[in-house]
Amino acid sequence: MEQKTVEDLLQKLAGSDGWKVRPDGVWVDAPALDPVAAAELLRGAGARLSTLSAIAREDGETWVIDHYLLDGTALNLRYLTRGGHLPSIAAAMPAANWIEREIHDLFAVQFDGHPDPRRLVRPPEVPEGFFRRPGGAAARQERKV
Amino acid sequence: MPYRLPIGPFHPALEEPYKLTLSCRGEVVEEAQVEIGFVMRSIELLAQQRNYVQDLTLVEHVCGICSNVHAMTFAMAVESIASLEPPPRARYIRTILAELERLHSHLLWAGIASEVIGYRSMFMEIYQLRERVMDILEAISGNRVNYGMIALGGVRRDITDPEGILSAAGAVRSALEKAVIPIFTRDATVKARTRGIGLLSPETALAYGVVGPLARASGIREDIRHSLPYAAYQDLDFQMVVSDGCDVEARVVVRALEMLESVRLIETALRNLPAGPIRIQDPMPSIPAGEAVARSEAPRGEVLYYVASDGSDTPLRVKIRTPSFVNIPAIPAMVRGQALADLPLIQASIDPCCSCTDR
């Protein structure tokens, strides 16, 4: 796919200036963008979904980054859950099926409309969201205590 | 009358735990469900409680086979956040290690595939050859599996005898050309056992997001060494191996030919190994606040690391996406309508790794 086509897609996804080009790819901060519409558009263009990354916030919400690869261009679309919910893209993009189940297990994000929302990796005796623990300096402090 | 057949978590073909529940009619598989999570270690969470240098060792334990690629990709993400540039010699050594690891992994898979096919003499031939590759890895790193070679901003040990390694790599290439490649690409027994089974169309492969040799055997022209080159791949004229066969035979052929390309890359990198330092001066560089995604091509396909930093010595978030996590969900699509007796071979053809998948 030509670079122009990637830019056309980004225009459709994020408007004319809604993305940033970084050494690790194109980043779109898209709290208002519909993840399902974006997934359908990208799948139609031949993009592959690599995975989703979840980052827990202190306010109980979660950043979810959809990592795509389209003809050598890495696309990263960052969404924010609302009340712990986010629309599932698994029906539009089957590659999201397992990772949405995993994020539900580890971060307690509810992916609304997921076709098969069963437990994936969480041991049954462990509560959902057990990865919502501090990292970084807070984890360092905890480690020293 | 349809019936349900549970297989696993302990498997007839593979020594790693995942569970398949099959719906069969007679000898034909109608549907399959996969369950994972039997060896989950929460490595991502542990990585967020250790410092960056400790994490290099931790992430090497994501996988016992492709251990180096995890440390390297984690280091690439951290180096991106901190704008650290490994010296040229380090980039070449990382490439040599990555390709030796691919050889070791593909030979391990080829041995298992030979056994599943019923070709015991080939199994023994391949495992003997794999030992030669392990010897090279041990000569370079001092270790046979977890190499401990990756440092932030470079590598920990130099290759001090490139000529000796070059000679050993040449012996591996000769053995591949003499025995492994002809058998895996032309042998009638192998073809009869692998052709036309476990089909995965390009459309289905893309929908599931499968990666690595599994994707390339379904005609998908993607390899991170080509799409987003890292280490020294942009200097080495990397040649991607792709097949349109979409079946187990195509996966066998792609992996076999990839082994030859790996040896060529190792030989080219050794002949052109730049002089100079093998790592940046600061052994424990400060990592500023920021985030980065890094991708590399592990033996089984794309590995992705997302790392976020708050400026402390401990990562805020480490996300690891291994190739088997996206390849294993495609098993149901490959076994639907297939003979039950072909199930072990179809599973083995994706080279699944549960240690990676569960992390």
# chains A, B, ... in the order shown; residues from 1 in each chain; ligands from 1
>>> residues_around(residues="A:Glu58", least_positions_apart="5", cutoff="10 Å", atoms="only C-alpha atoms", output="PyMOL selection string")
chain A and resi 132-134
>>> interface_residues(of="chain B", to="chain A", cutoff="7 Å", atoms="only C-alpha atoms", output="list in words")
Glu35, Ile36, Gly37, Met40, Leu45, Gln48, Gln49, Leu206, Ala207, Tyr208, Gly209, Ser227, Leu228, Ala292, Val293, Ala294, Ser309, Asp310, Ser312, Thr314, Pro315, Leu316, Arg317, Lys319, Arg321, Val326 and Asp358 of chain B
>>> residues_around(residues="stretch 3-6 of chain B", least_positions_apart="3", cutoff="8 Å", atoms="only C-alpha atoms", output="PyMOL selection string")
chain B and resi 19-25
>>> write_last_selection(atoms="all heavy atoms", output="PDB file, in the first residue's frame")
ATOM      1  N   LYS B  19      -5.273 -27.056  26.304  1.00  0.00           N
ATOM      2  CA  LYS B  19      -6.333 -28.047  26.173  1.00  0.00           C
ATOM      3  C   LYS B  19      -7.154 -27.793  24.916  1.00  0.00           C
ATOM      4  O   LYS B  19      -7.548 -26.659  24.638  1.00  0.00           O
ATOM      5  CB  LYS B  19      -7.247 -27.982  27.408  1.00  0.00           C
ATOM      6  CG  LYS B  19      -8.276 -29.087  27.432  1.00  0.00           C
ATOM      7  CD  LYS B  19      -9.113 -29.030  28.688  1.00  0.00           C
ATOM      8  CE  LYS B  19     -10.188 -30.107  28.634  1.00  0.00           C
ATOM      9  NZ  LYS B  19     -11.116 -29.981  29.766  1.00  0.00           N
ATOM     10  N   LEU B  20      -7.383 -28.868  24.193  1.00  0.00           N
ATOM     11  CA  LEU B  20      -8.259 -28.811  23.029  1.00  0.00           C
ATOM     12  C   LEU B  20      -9.495 -29.637  23.335  1.00  0.00           C
ATOM     13  O   LEU B  20      -9.386 -30.763  23.826  1.00  0.00           O
ATOM     14  CB  LEU B  20      -7.578 -29.454  21.814  1.00  0.00           C
ATOM     15  CG  LEU B  20      -6.671 -28.604  20.940  1.00  0.00           C
ATOM     16  CD1 LEU B  20      -6.047 -29.494  19.872  1.00  0.00           C
ATOM     17  CD2 LEU B  20      -7.428 -27.474  20.287  1.00  0.00           C
ATOM     18  N   THR B  21     -10.657 -29.090  23.081  1.00  0.00           N
ATOM     19  CA  THR B  21     -11.879 -29.881  23.174  1.00  0.00           C
ATOM     20  C   THR B  21     -12.469 -29.968  21.771  1.00  0.00           C
ATOM     21  O   THR B  21     -12.842 -28.950  21.184  1.00  0.00           O
ATOM     22  CB  THR B  21     -12.890 -29.227  24.143  1.00  0.00           C
ATOM     23  OG1 THR B  21     -12.241 -29.048  25.410  1.00  0.00           O
ATOM     24  CG2 THR B  21     -14.112 -30.111  24.323  1.00  0.00           C
ATOM     25  N   LEU B  22     -12.488 -31.188  21.243  1.00  0.00           N
ATOM     26  CA  LEU B  22     -12.907 -31.381  19.861  1.00  0.00           C
ATOM     27  C   LEU B  22     -14.344 -31.892  19.795  1.00  0.00           C
ATOM     28  O   LEU B  22     -14.763 -32.688  20.640  1.00  0.00           O
ATOM     29  CB  LEU B  22     -12.013 -32.414  19.175  1.00  0.00           C
ATOM     30  CG  LEU B  22     -10.510 -32.145  19.200  1.00  0.00           C
ATOM     31  CD1 LEU B  22      -9.758 -33.337  18.642  1.00  0.00           C
ATOM     32  CD2 LEU B  22     -10.182 -30.893  18.411  1.00  0.00           C
ATOM     33  N   SER B  23     -15.082 -31.427  18.813  1.00  0.00           N
ATOM     34  CA  SER B  23     -16.362 -32.044  18.462  1.00  0.00           C
ATOM     35  C   SER B  23     -16.113 -32.815  17.170  1.00  0.00           C
ATOM     36  O   SER B  23     -15.675 -32.225  16.170  1.00  0.00           O
ATOM     37  CB  SER B  23     -17.432 -30.985  18.216  1.00  0.00           C
ATOM     38  OG  SER B  23     -17.632 -30.250  19.385  1.00  0.00           O
ATOM     39  N   CYS B  24     -16.336 -34.124  17.209  1.00  0.00           N
ATOM     40  CA  CYS B  24     -16.012 -34.970  16.054  1.00  0.00           C
ATOM     41  C   CYS B  24     -17.248 -35.724  15.588  1.00  0.00           C
ATOM     42  O   CYS B  24     -18.165 -36.000  16.364  1.00  0.00           O
ATOM     43  CB  CYS B  24     -14.943 -35.995  16.407  1.00  0.00           C
ATOM     44  SG  CYS B  24     -13.416 -35.292  16.999  1.00  0.00           S
ATOM     45  N   ARG B  25     -17.237 -36.065  14.313  1.00  0.00           N
ATOM     46  CA  ARG B  25     -18.225 -36.992  13.756  1.00  0.00           C
ATOM     47  C   ARG B  25     -17.415 -38.075  13.062  1.00  0.00           C
ATOM     48  O   ARG B  25     -16.739 -37.798  12.067  1.00  0.00           O
ATOM     49  CB  ARG B  25     -19.162 -36.271  12.784  1.00  0.00           C
ATOM     50  CG  ARG B  25     -20.371 -37.090  12.341  1.00  0.00           C
ATOM     51  CD  ARG B  25     -21.248 -36.290  11.401  1.00  0.00           C
ATOM     52  NE  ARG B  25     -21.949 -35.201  12.059  1.00  0.00           N
ATOM     53  CZ  ARG B  25     -23.150 -35.311  12.661  1.00  0.00           C
ATOM     54  NH1 ARG B  25     -23.772 -36.474  12.664  1.00  0.00           N
ATOM     55  NH2 ARG B  25     -23.715 -34.271  13.222  1.00  0.00           N
TER      56      ARG B  25
END
>>> select_by_dssp(residues="stretch 179-338 of chain B", states="alpha helix (DSSP H)", output="JSON, numbers by chain")
{"B": [181, 182, 183, 184, 185, 186, 188, 189, 190, 191, 192, 193, 194, 202, 203, 204, 205, 206, 207, 208, 212, 213, 214, 215, 216, 224, 225, 226, 227, 248, 249, 250, 251, 252, 253, 254, 255, 256, 257, 258, 259, 260, 261, 262, 263, 264, 265, 266, 267, 268, 269, 270, 271, 323, 324, 325, 326, 327, 331, 332, 333, 334, 335]}
>>> residues_around(residues="stretch 266-277 of chain B", least_positions_apart="4", cutoff="7 Å", atoms="only C-alpha atoms", output="mmCIF file with N, CA, C and O atoms, in the first residue's frame")
data_model
loop_
_atom_site.group_PDB
_atom_site.id
_atom_site.type_symbol
_atom_site.label_atom_id
_atom_site.label_comp_id
_atom_site.auth_asym_id
_atom_site.auth_seq_id
_atom_site.Cartn_x
_atom_site.Cartn_y
_atom_site.Cartn_z
ATOM 1 N N PRO B 87 26.093 0.357 19.739
ATOM 2 C CA PRO B 87 27.141 0.497 18.718
ATOM 3 C C PRO B 87 26.952 -0.522 17.587
ATOM 4 O O PRO B 87 26.312 -1.562 17.787
ATOM 5 N N PRO B 88 27.522 -0.222 16.399
ATOM 6 C CA PRO B 88 27.329 -1.119 15.249
ATOM 7 C C PRO B 88 27.711 -2.578 15.529
ATOM 8 O O PRO B 88 27.007 -3.500 15.128
ATOM 9 N N ARG B 89 28.821 -2.787 16.242
ATOM 10 C CA ARG B 89 29.248 -4.178 16.508
ATOM 11 C C ARG B 89 28.180 -4.901 17.348
ATOM 12 O O ARG B 89 27.921 -6.083 17.136
ATOM 13 N N TYR B 92 25.299 -6.045 15.151
ATOM 14 C CA TYR B 92 25.641 -7.252 14.388
ATOM 15 C C TYR B 92 25.619 -8.495 15.285
ATOM 16 O O TYR B 92 25.138 -9.560 14.888
ATOM 17 N N ILE B 96 23.397 -11.883 14.877
ATOM 18 C CA ILE B 96 23.961 -13.240 14.827
ATOM 19 C C ILE B 96 23.278 -14.137 15.863
ATOM 20 O O ILE B 96 22.875 -15.263 15.570
ATOM 21 N N GLU B 99 19.679 -15.015 14.847
ATOM 22 C CA GLU B 99 19.583 -16.029 13.785
ATOM 23 C C GLU B 99 20.030 -17.409 14.277
ATOM 24 O O GLU B 99 19.474 -18.432 13.844
ATOM 25 N N PRO B 162 35.508 -14.813 15.392
ATOM 26 C CA PRO B 162 34.536 -14.873 14.279
ATOM 27 C C PRO B 162 34.866 -15.964 13.267
ATOM 28 O O PRO B 162 33.953 -16.601 12.712
ATOM 29 N N LEU B 166 32.409 -18.824 12.097
ATOM 30 C CA LEU B 166 32.108 -18.907 10.661
ATOM 31 C C LEU B 166 32.299 -20.336 10.157
ATOM 32 O O LEU B 166 31.478 -20.858 9.389
ATOM 33 N N LEU B 236 22.094 -6.376 5.679
ATOM 34 C CA LEU B 236 22.444 -7.757 5.312
ATOM 35 C C LEU B 236 21.623 -8.327 4.158
ATOM 36 O O LEU B 236 21.697 -9.513 3.865
ATOM 37 N N SER B 262 18.947 -18.046 7.521
ATOM 38 C CA SER B 262 19.575 -17.701 8.808
ATOM 39 C C SER B 262 21.078 -17.916 8.747
ATOM 40 O O SER B 262 21.852 -17.064 9.208
#
>>> residues_around(residues="stretch 12-21 of chain A", least_positions_apart="2", cutoff="10 Å", atoms="only C-alpha atoms", output="PyMOL selection string")
chain A and resi 6-10+23-30+32-35+37-39+41-42+74-77
>>> atom_distance(atom1="atom CA of B:Asn51", atom2="atom CA of A:Thr81")
28.8 Å
>>> atom_distance(atom1="atom CA of A:Leu86", atom2="atom CA of A:Glu128")
16.1 Å
>>> closest_residue(among="B:Ile350, B:Ile183, B:Ala217, B:Cys66", to="B:Glu101", atoms="only C-alpha atoms")
B:Cys66
